[in-house]
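Visitor: Contents of input-v9.pdb (PDB, C-alpha atoms and all ligand atoms) are below:
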ATOM      1  CA  MET A  10       0.000   0.000   0.000
ATOM      2  CA  ASP A  11       1.373   3.387  -1.013
ATOM      3  CA  LYS A  12       0.972   6.359   1.315
ATOM      4  CA  LEU A  13       3.311   8.778  -0.398
ATOM      5  CA  ALA A  14       4.219  11.932   1.506
ATOM      6  CA  LYS A  15       2.862  15.066  -0.151
ATOM      7  CA  THR A  16       5.802  17.403  -0.589
ATOM      8  CA  SER A  17       6.278  20.827  -2.175
ATOM      9  CA  VAL A  18       9.322  19.549  -4.094
ATOM     10  CA  LYS A  19      10.554  16.069  -4.937
ATOM     11  CA  ILE A  20      12.267  14.190  -2.120
ATOM     12  CA  ASN A  21      14.008  10.830  -1.965
ATOM     13  CA  ASP A  22      11.533   8.116  -2.880
ATOM     14  CA  LEU A  23      12.260   5.920   0.134
ATOM     15  CA  ILE A  24      11.702   8.816   2.537
ATOM     16  CA  ALA A  25       8.449   9.674   0.782
ATOM     17  CA  ARG A  26       7.216   6.064   0.894
ATOM     18  CA  ARG A  27       8.022   5.200   4.514
ATOM     19  CA  TRP A  28       5.080   5.207   6.877
ATOM     20  CA  SER A  29       4.011   3.552  10.117
ATOM     21  CA  ALA A  30       1.792   0.704   8.942
ATOM     22  CA  ARG A  31      -0.178  -1.695  11.142
ATOM     23  CA  ALA A  32      -1.395  -4.456   8.817
ATOM     24  CA  TYR A  33       1.213  -7.218   8.848
ATOM     25  CA  ASN A  34       1.221 -10.589   7.171
ATOM     26  CA  PRO A  35       1.084 -13.254   9.926
ATOM     27  CA  ASN A  36       2.372 -16.042   7.662
ATOM     28  CA  ILE A  37       5.600 -14.788   6.145
ATOM     29  CA  PRO A  38       8.707 -14.948   8.346
ATOM     30  CA  ILE A  39      11.433 -12.384   7.691
ATOM     31  CA  GLU A  40      14.546 -13.780   6.043
ATOM     32  CA  GLY A  41      17.587 -13.805   8.339
ATOM     33  CA  TRP A  42      19.651 -11.712   5.957
ATOM     34  CA  LYS A  43      16.964  -9.032   5.934
ATOM     35  CA  ILE A  44      17.033  -8.844   9.732
ATOM     36  CA  ILE A  45      20.814  -8.414   9.601
ATOM     37  CA  SER A  46      20.367  -5.813   6.870
ATOM     38  CA  LEU A  47      18.213  -3.742   9.266
ATOM     39  CA  CYS A  48      20.965  -3.996  11.882
ATOM     40  CA  GLU A  49      23.650  -2.983   9.362
ATOM     41  CA  ALA A  50      21.613   0.053   8.303
ATOM     42  CA  ALA A  51      21.452   1.227  11.918
ATOM     43  CA  ARG A  52      25.091   0.384  12.537
ATOM     44  CA  TRP A  53      26.197   2.897   9.891
ATOM     45  CA  ALA A  54      24.301   5.835  11.369
ATOM     46  CA  PRO A  55      26.339   8.889  12.396
ATOM     47  CA  SER A  56      27.012   9.458  16.094
ATOM     48  CA  CYS A  57      28.543  12.152  18.249
ATOM     49  CA  ALA A  58      32.256  11.405  18.864
ATOM     50  CA  ALA A  59      31.660   8.096  17.040
ATOM     51  CA  GLU A  60      30.256   6.696  20.269
ATOM     52  CA  GLU A  61      27.652   4.469  18.589
ATOM     53  CA  PRO A  62      25.573   4.775  21.777
ATOM     54  CA  TRP A  63      22.659   2.754  20.369
ATOM     55  CA  ARG A  64      21.822  -0.776  21.439
ATOM     56  CA  PHE A  65      19.172  -2.911  19.776
ATOM     57  CA  ILE A  66      17.592  -6.158  20.932
ATOM     58  CA  VAL A  67      16.090  -8.180  18.092
ATOM     59  CA  TRP A  68      13.322 -10.722  18.712
ATOM     60  CA  ASP A  69      12.228 -13.027  15.915
ATOM     61  CA  LYS A  70       8.999 -14.959  16.425
ATOM     62  CA  ASN A  71      10.288 -17.691  14.116
ATOM     63  CA  ARG A  72      13.619 -18.207  15.864
ATOM     64  CA  ALA A  73      12.929 -17.650  19.565
ATOM     65  CA  GLU A  74       9.175 -17.559  20.106
ATOM     66  CA  ASP A  75       9.252 -17.427  23.934
ATOM     67  CA  ASP A  76      11.539 -14.404  24.019
ATOM     68  CA  PHE A  77       9.476 -12.706  21.307
ATOM     69  CA  GLN A  78       6.379 -13.305  23.434
ATOM     70  CA  ARG A  79       8.037 -11.813  26.522
ATOM     71  CA  ALA A  80       8.901  -8.660  24.546
ATOM     72  CA  PHE A  81       5.396  -8.584  23.015
ATOM     73  CA  ASP A  82       3.873  -8.758  26.511
ATOM     74  CA  THR A  83       5.486  -5.436  27.436
ATOM     75  CA  LEU A  84       3.388  -3.643  24.788
ATOM     76  CA  ASP A  85       0.307  -1.573  25.613
ATOM     77  CA  GLU A  86      -3.011  -3.234  24.939
ATOM     78  CA  GLY A  87      -3.712  -0.976  21.949
ATOM     79  CA  ASN A  88      -0.441  -1.823  20.250
ATOM     80  CA  ARG A  89      -0.827  -5.554  20.926
ATOM     81  CA  LYS A  90      -3.975  -5.609  18.829
ATOM     82  CA  TRP A  91      -2.089  -4.993  15.596
ATOM     83  CA  VAL A  92       1.472  -6.032  16.519
ATOM     84  CA  LYS A  93       0.304  -9.625  16.999
ATOM     85  CA  ASN A  94       0.908 -10.318  13.303
ATOM     86  CA  ALA A  95       4.386  -8.756  13.181
ATOM     87  CA  GLN A  96       7.240 -11.245  12.870
ATOM     88  CA  VAL A  97      10.047  -9.293  14.486
ATOM     89  CA  LEU A  98      10.297  -6.806  17.332
ATOM     90  CA  ILE A  99      13.311  -4.592  17.881
ATOM     91  CA  ALA A 100      13.979  -2.672  21.073
ATOM     92  CA  VAL A 101      15.761   0.646  20.609
ATOM     93  CA  LEU A 102      17.965   1.603  23.546
ATOM     94  CA  SER A 103      20.964   3.764  24.149
ATOM     95  CA  ASP A 104      23.885   3.947  26.475
ATOM     96  CA  THR A 105      23.214   7.109  28.478
ATOM     97  CA  LYS A 106      26.880   7.465  29.535
ATOM     98  CA  TRP A 107      30.134   8.080  27.628
ATOM     99  CA  ARG A 108      32.178   4.941  26.994
ATOM    100  CA  ASN A 109      35.344   6.378  28.561
ATOM    101  CA  ASP A 110      33.687   8.161  31.490
ATOM    102  CA  ARG A 111      30.770   6.334  33.070
ATOM    103  CA  THR A 112      30.102   9.271  35.424
ATOM    104  CA  LYS A 113      29.106  11.612  32.570
ATOM    105  CA  THR A 114      25.863  11.664  30.598
ATOM    106  CA  ASN A 115      26.095  11.581  26.803
ATOM    107  CA  LYS A 116      23.366  14.069  25.970
ATOM    108  CA  TRP A 117      23.550  13.220  22.257
ATOM    109  CA  ALA A 118      22.850   9.518  22.811
ATOM    110  CA  PRO A 119      19.081   9.802  22.134
ATOM    111  CA  PHE A 120      19.768  11.990  19.090
ATOM    112  CA  ASP A 121      22.176   9.438  17.583
ATOM    113  CA  THR A 122      19.946   6.513  18.497
ATOM    114  CA  GLY A 123      16.951   8.142  16.803
ATOM    115  CA  ALA A 124      19.024   8.529  13.636
ATOM    116  CA  ALA A 125      19.968   4.844  13.781
ATOM    117  CA  ALA A 126      16.317   3.894  14.277
ATOM    118  CA  MET A 127      15.303   5.932  11.211
ATOM    119  CA  SER A 128      17.829   3.945   9.176
ATOM    120  CA  ILE A 129      15.996   0.781  10.242
ATOM    121  CA  TYR A 130      12.607   2.112   9.070
ATOM    122  CA  LEU A 131      14.033   3.160   5.713
ATOM    123  CA  GLN A 132      15.980  -0.041   5.174
ATOM    124  CA  ALA A 133      12.862  -2.037   6.011
ATOM    125  CA  PHE A 134      10.863  -0.233   3.333
ATOM    126  CA  ASP A 135      13.639  -0.746   0.826
ATOM    127  CA  LEU A 136      13.362  -4.498   1.512
ATOM    128  CA  GLY A 137       9.583  -4.560   1.046
ATOM    129  CA  LEU A 138       8.952  -4.672   4.818
ATOM    130  CA  TYR A 139       7.004  -2.427   7.159
ATOM    131  CA  ALA A 140       8.614  -1.052  10.325
ATOM    132  CA  HIS A 141       6.571   0.801  12.937
ATOM    133  CA  PRO A 142       8.121   2.422  16.056
ATOM    134  CA  MET A 143       6.188   2.374  19.339
ATOM    135  CA  ALA A 144       6.614   4.182  22.637
ATOM    136  CA  GLY A 145       3.531   2.363  23.913
ATOM    137  CA  PHE A 146       5.256  -0.296  25.979
ATOM    138  CA  ASP A 147       6.267  -0.765  29.603
ATOM    139  CA  ALA A 148       9.970   0.156  29.736
ATOM    140  CA  ASP A 149      10.325  -0.982  33.363
ATOM    141  CA  LYS A 150       8.874  -4.374  32.535
ATOM    142  CA  LEU A 151      11.191  -4.694  29.528
ATOM    143  CA  ARG A 152      14.144  -3.766  31.731
ATOM    144  CA  LEU A 153      13.214  -6.432  34.267
ATOM    145  CA  GLU A 154      12.365  -9.162  31.753
ATOM    146  CA  PHE A 155      15.607  -8.786  29.814
ATOM    147  CA  GLN A 156      17.882  -7.620  32.639
ATOM    148  CA  ILE A 157      18.779  -4.351  30.955
ATOM    149  CA  PRO A 158      21.408  -2.494  33.007
ATOM    150  CA  GLU A 159      20.545   0.851  34.581
ATOM    151  CA  ASP A 160      22.792   2.960  32.295
ATOM    152  CA  TYR A 161      20.832   1.882  29.217
ATOM    153  CA  GLU A 162      17.574   3.586  28.309
ATOM    154  CA  PRO A 163      14.843   1.852  26.286
ATOM    155  CA  TYR A 164      13.050   4.328  23.986
ATOM    156  CA  ALA A 165      10.919   2.301  21.642
ATOM    157  CA  LEU A 166      10.000  -1.063  20.221
ATOM    158  CA  ILE A 167       9.828  -1.411  16.438
ATOM    159  CA  ALA A 168       7.374  -3.871  14.906
ATOM    160  CA  VAL A 169       8.582  -5.357  11.620
ATOM    161  CA  GLY A 170       6.809  -7.567   9.089
ATOM    162  CA  TYR A 171       5.616  -7.996   5.535
ATOM    163  CA  PRO A 172       2.514  -6.055   4.465
ATOM    164  CA  GLY A 173      -0.732  -7.827   5.357
ATOM    165  CA  ASN A 174      -4.472  -7.477   4.848
ATOM    166  CA  VAL A 175      -5.874  -4.098   5.936
ATOM    167  CA  GLU A 176      -9.380  -5.595   6.101
ATOM    168  CA  GLU A 177      -8.310  -7.800   9.031
ATOM    169  CA  LEU A 178      -7.472  -4.805  11.232
ATOM    170  CA  GLU A 179      -9.920  -3.615  13.878
ATOM    171  CA  PRO A 180     -12.110  -0.745  12.537
ATOM    172  CA  THR A 181     -10.212   2.072  14.332
ATOM    173  CA  TYR A 182      -6.882   0.860  13.035
ATOM    174  CA  ARG A 183      -8.291   0.127   9.584
ATOM    175  CA  GLN A 184      -9.464   3.731   9.345
ATOM    176  CA  ARG A 185      -6.050   5.027  10.358
ATOM    177  CA  GLU A 186      -4.363   2.645   7.935
ATOM    178  CA  LEU A 187      -6.412   3.942   5.031
ATOM    179  CA  GLY A 188      -6.359   7.599   6.114
ATOM    180  CA  GLU A 189      -4.154  10.270   4.648
ATOM    181  CA  ARG A 190      -0.716  10.905   6.145
ATOM    182  CA  LYS A 191      -0.510  14.419   7.532
ATOM    183  CA  ARG A 192       2.148  16.881   8.593
ATOM    184  CA  ARG A 193       2.073  20.441   9.856
ATOM    185  CA  PRO A 194       2.821  23.075   7.188
ATOM    186  CA  LEU A 195       6.536  23.405   6.458
ATOM    187  CA  GLU A 196       6.565  27.029   7.620
ATOM    188  CA  GLU A 197       5.395  26.055  11.093
ATOM    189  CA  ASN A 198       8.506  24.172  12.175
ATOM    190  CA  PHE A 199      11.169  25.409   9.778
ATOM    191  CA  TYR A 200      12.636  28.864  10.288
ATOM    192  CA  PHE A 201      14.892  31.029   8.198
ATOM    193  CA  SER A 202      17.759  33.037   9.657
ATOM    194  CA  LYS A 203      15.942  33.864  12.892
ATOM    195  CA  TRP A 204      14.152  31.908  15.590
ATOM    196  CA  GLY A 205      10.454  31.717  14.841
ATOM    197  CA  GLU A 206      10.735  33.313  11.375
ATOM    198  CA  PRO A 207       8.934  30.910   9.033
ATOM    199  CA  ILE A 208      10.906  29.855   5.991
ATOM    200  CA  LYS A 209       8.965  31.203   2.976
ATOM    201  CA  LEU A 210       8.415  28.487   0.426
ATOM    202  CA  ASN A 211       7.666  30.855  -2.468
ATOM    203  CA  GLU A 212      10.879  32.808  -2.014
ATOM    204  CA  PHE A 213      12.935  29.647  -2.120
ATOM    205  CA  MET A 214      11.213  28.351  -5.201
ATOM    206  CA  GLU A 215      12.335  31.361  -7.263
ATOM    207  CA  GLU A 216      15.840  30.738  -8.612
ATOM    208  CA  ARG A 217      18.350  33.531  -7.901
TER     209      ARG A 217
HETATM  210  C1  LIG A 301       9.093   7.357  19.259
HETATM  211  C2  LIG A 301       7.809   6.980  18.561
HETATM  212  C3  LIG A 301       6.804   6.362  19.295
HETATM  213  C4  LIG A 301       5.618   5.945  18.674
HETATM  214  N1  LIG A 301       4.705   5.221  19.396
HETATM  215  C5  LIG A 301       3.669   4.658  18.766
HETATM  216  C6  LIG A 301       2.814   3.749  19.449
HETATM  217  O1  LIG A 301       3.014   3.403  20.626
HETATM  218  N2  LIG A 301       1.770   3.215  18.759
HETATM  219  C7  LIG A 301       1.534   3.523  17.449
HETATM  220  O2  LIG A 301       0.574   2.987  16.886
HETATM  221  N3  LIG A 301       2.340   4.377  16.766
HETATM  222  C8  LIG A 301       3.409   4.944  17.379
HETATM  223  N4  LIG A 301       4.265   5.753  16.687
HETATM  224  C9  LIG A 301       4.022   6.046  15.260
HETATM  225  C10 LIG A 301       3.562   7.487  15.058
HETATM  226  O3  LIG A 301       2.235   7.612  15.475
HETATM  227  C11 LIG A 301       3.757   7.862  13.581
HETATM  228  O4  LIG A 301       5.126   7.844  13.266
HETATM  229  C12 LIG A 301       3.184   9.244  13.270
HETATM  230  O5  LIG A 301       1.786   9.244  13.414
HETATM  231  C13 LIG A 301       3.513   9.676  11.847
HETATM  232  O6  LIG A 301       3.034   8.747  10.918
HETATM  233  P1  LIG A 301       3.985   8.060   9.833
HETATM  234  O7  LIG A 301       5.124   7.400  10.578
HETATM  235  O8  LIG A 301       3.116   7.065   9.125
HETATM  236  O9  LIG A 301       4.501   9.131   8.924
HETATM  237  C14 LIG A 301       5.433   6.211  17.290
HETATM  238  C15 LIG A 301       6.433   6.882  16.570
HETATM  239  C16 LIG A 301       7.611   7.248  17.183
HETATM  240  C17 LIG A 301       8.707   7.903  16.370
END
Would you mind writing the file out in structure tokens?
Ligand SMILES: Cc1cc2nc3c(=O)[nH]c(=O)nc-3n(C[C@H](O)[C@H](O)[C@H](O)COP(=O)(O)O)c2cc1C
Guide:
Amino acid sequence: MDKLAKTSVKINDLIARRWSARAYNPNIPIEGWKIISLCEAARWAPSCAAEEPWRFIVWDKNRAEDDFQRAFDTLDEGNRKWVKNAQVLIAVLSDTKWRNDRTKTNKWAPFDTGAAAMSIYLQAFDLGLYAHPMAGFDADKLRLEFQIPEDYEPYALIAVGYPGNVEELEPTYRQRELGERKRRPLEENFYFSKWGEPIKLNEFMEER
């Protein structure tokens, strides 16, 4: 299903095509090499001081069902309803401290980890998969279940799978799945030269 971003000028096709889908195919496992490909995409993200502060835990329903189930059980009820058909879950975490000084907080860790996560979503789409990030999970439960050390912060779980049948989603989710993708106007969040000064699309479209 295509849900192309509506943009004022052409952007990279993969970026335009990516979206957070919910209808997964329950019958097609994800090839091992594709799972590694998602990891490689994240691995090559940029990071402050080349710290690579991200950590990812991958759960594959078809390789370690019990562990997948334990990760799945940390999800909010709403997310469980559609994630049940996903084949893989990936936890996105980061090391909150610098590698060479465990007393100091790396304030760029979430920034770098978010960039690595975006690489996963894009790589997934390039491989014909869907990838959907979720903050709707119990981070404390995840920490306990998988013995995640204190210095590491879980931010999100990503559901991954092949596209499935939209008709099988619950009505609320079906509506969202078929609805238009929306963003605020460009001028609202993008400024030019000064704080709060909206960038003016028309001015930029005229060649100098
Ligand atoms: C950190 C993060 C947490 C999110 N949490 C959830 C979630 O718990 N459940 C959900 O259905 N979608 C979740 N989303 C997906 C967003 O709702 C979605 O990205 C947003 O509506 C924009 O839609 P798009 O990704 O299709 O462009 C999350 C996205 C991000 C980046």
Visitor: Running the PyMOL selection byres (((chain A and resi 63-69) around 7) and not hetatm) on this model by hand, what would come out? Give it as a list in words.
Guide: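 So the PyMOL selection byres (((chain A and resi 63-69) around 7) and not hetatm), applied here, picks out Glu61, Pro62, Lys70, Asn71, Arg72, Ala73, Glu74, Asp76, Phe77, Gln96, Val97, Leu98, Ile99, Ala100, Val101, Leu102, Ser103, Asp104 and Thr122 of chain A.
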Visitor: Got a sec to resolve the PyMOL selection byres (((chain A and resi 51) around 7) and not hetatm) on this structure and send the residues as a list in words?
Guide: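 Evaluating the PyMOL selection byres (((chain A and resi 51) around 7) and not hetatm) on these coordinates yields Leu47, Cys48, Glu49, Ala50, Arg52, Trp53, Ala54, Ala125, Ala126, Ser128 and Ile129 of chain A.
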Visitor: For the structure shown, which residues end up in the PyMOL selection byres (((not hetatm)) within 7 of (chain A and resi 301))? Put them as number ranges by chain, please?
Guide: A: 27-30, 88, 141-146, 164-165, 190
Visitor: Using only C-alpha atoms, can you tell me which of A:Ser202, A:Asp147, A:Gln156, A:Ile167 comes closest to Glu86 (chain A)?
Guide: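 Once distances to Glu86 (chain A) are computed over only C-alpha atoms, the minimum belongs to A:Asp147.
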Visitor: Taking all atoms listed in the file into account, name the residue in A:Arg185, A:Glu159, A:Asn198, A:Lys203 that is nearest to Lys12 (chain A).
Guide: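 Among A:Arg185, A:Glu159, A:Asn198, A:Lys203, it is A:Arg185 that comes nearest to Lys12 (chain A).
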Visitor: Find the residues with any atom within 8 Å of (-1.5, -1.7, 10.8); use all atoms listed in the file and the coordinates as given in the file, and write the answer as a VMD selection string.
Guide: chain A and resid 29 to 33 91 to 92 175 178 182 to 183 186
Visitor: Which residue gives the smallest distance to Ala118 (chain A) among A:Asp160, A:Glu215, A:Asp75, A:Glu60, with all atoms listed in the file counted?
Guide: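 When distances to Ala118 (chain A) are compared using all atoms listed in the file, the smallest one comes from A:Glu60.
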Visitor: Could you give me, as a list in words, the residues within 12 Å of Val18 (chain A), counting all atoms listed in the file and dropping anything in the same chain fewer than 4 positions from it?
Guide: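 Listing them by chain and then by number gives Ala14, Asp22, Ala25, Leu195, Leu210, Asn211, Phe213 and Met214 of chain A.
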Visitor: In Å to one decimal, how far is CA of Leu13 (chain A) from CA of Ala124 (chain A)?
Guide: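 Interatomic distance here is 21.1 Å.
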Visitor: Of the candidates A:Arg79, A:Gly205, A:Asn34, A:Phe134, which one gets nearest to Glu176 (chain A) if we count all atoms listed in the file?
Guide: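 The closest residue to Glu176 (chain A) is A:Asn34.
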Visitor: Pick from A:Ala80, A:Ala148, A:Ala133, A:Ile24: nearest to Ser46 (chain A), with all atoms listed in the file counted?
Guide: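 The answer is A:Ala133, which sits nearest to Ser46 (chain A).
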Visitor: Distance CA of Gln184 (chain A)-CA of Asp11 (chain A), one decimal place?
Guide: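 Here the two named atoms are 15.0 Å from each other.
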Visitor: Separation of CA of Gly137 (chain A) and CA of Gln78 (chain A), in Å?
Guide: 24.2 Å
Visitor: Rebuild region 72-93 of chain A so that it carries N, CA and C atoms, then output the result as a short mmCIF file (atom, residue, chain, number, x, y, z; two decimals), in the frame of the given file.
Guide:
data_model
loop_
_atom_site.label_atom_id
_atom_site.label_comp_id
_atom_site.auth_asym_id
_atom_site.auth_seq_id
_atom_site.Cartn_x
_atom_site.Cartn_y
_atom_site.Cartn_z
N ARG A 72 12.35 -17.65 15.39
CA ARG A 72 13.62 -18.21 15.86
C ARG A 72 13.61 -18.44 17.37
N ALA A 73 12.96 -17.54 18.10
CA ALA A 73 12.93 -17.65 19.57
C ALA A 73 11.57 -17.13 20.03
N GLU A 74 10.56 -17.98 19.89
CA GLU A 74 9.18 -17.56 20.11
C GLU A 74 8.92 -17.08 21.54
N ASP A 75 9.50 -17.79 22.53
CA ASP A 75 9.25 -17.43 23.93
C ASP A 75 9.77 -16.02 24.25
N ASP A 76 10.97 -15.73 23.76
CA ASP A 76 11.54 -14.40 24.02
C ASP A 76 10.74 -13.33 23.29
N PHE A 77 10.32 -13.64 22.06
CA PHE A 77 9.48 -12.71 21.31
C PHE A 77 8.22 -12.40 22.12
N GLN A 78 7.62 -13.45 22.67
CA GLN A 78 6.38 -13.30 23.43
C GLN A 78 6.60 -12.42 24.67
N ARG A 79 7.75 -12.62 25.32
CA ARG A 79 8.04 -11.81 26.52
C ARG A 79 8.18 -10.33 26.16
N ALA A 80 8.78 -10.06 25.00
CA ALA A 80 8.90 -8.66 24.55
C ALA A 80 7.51 -8.13 24.16
N PHE A 81 6.76 -8.95 23.44
CA PHE A 81 5.40 -8.58 23.02
C PHE A 81 4.54 -8.22 24.22
N ASP A 82 4.70 -8.98 25.31
CA ASP A 82 3.87 -8.76 26.51
C ASP A 82 4.15 -7.43 27.21
N THR A 83 5.22 -6.75 26.83
CA THR A 83 5.49 -5.44 27.44
C THR A 83 4.71 -4.32 26.72
N LEU A 84 4.11 -4.66 25.57
CA LEU A 84 3.39 -3.64 24.79
C LEU A 84 2.06 -3.26 25.44
N ASP A 85 1.64 -2.02 25.18
CA ASP A 85 0.31 -1.57 25.61
C ASP A 85 -0.75 -2.40 24.88
N GLU A 86 -1.93 -2.44 25.52
CA GLU A 86 -3.01 -3.23 24.94
C GLU A 86 -3.34 -2.80 23.49
N GLY A 87 -3.37 -1.49 23.28
CA GLY A 87 -3.71 -0.98 21.95
C GLY A 87 -2.73 -1.46 20.89
N ASN A 88 -1.46 -1.39 21.21
CA ASN A 88 -0.44 -1.82 20.25
C ASN A 88 -0.51 -3.34 20.02
N ARG A 89 -0.78 -4.08 21.07
CA ARG A 89 -0.83 -5.55 20.93
C ARG A 89 -1.81 -6.00 19.85
N LYS A 90 -2.90 -5.22 19.76
CA LYS A 90 -3.98 -5.61 18.83
C LYS A 90 -3.50 -5.75 17.39
N TRP A 91 -2.57 -4.89 16.99
CA TRP A 91 -2.09 -4.99 15.60
C TRP A 91 -0.68 -5.58 15.50
N VAL A 92 0.09 -5.49 16.59
CA VAL A 92 1.47 -6.03 16.52
C VAL A 92 1.46 -7.57 16.51
N LYS A 93 0.35 -8.15 16.89
CA LYS A 93 0.30 -9.62 17.00
C LYS A 93 0.72 -10.34 15.70
#
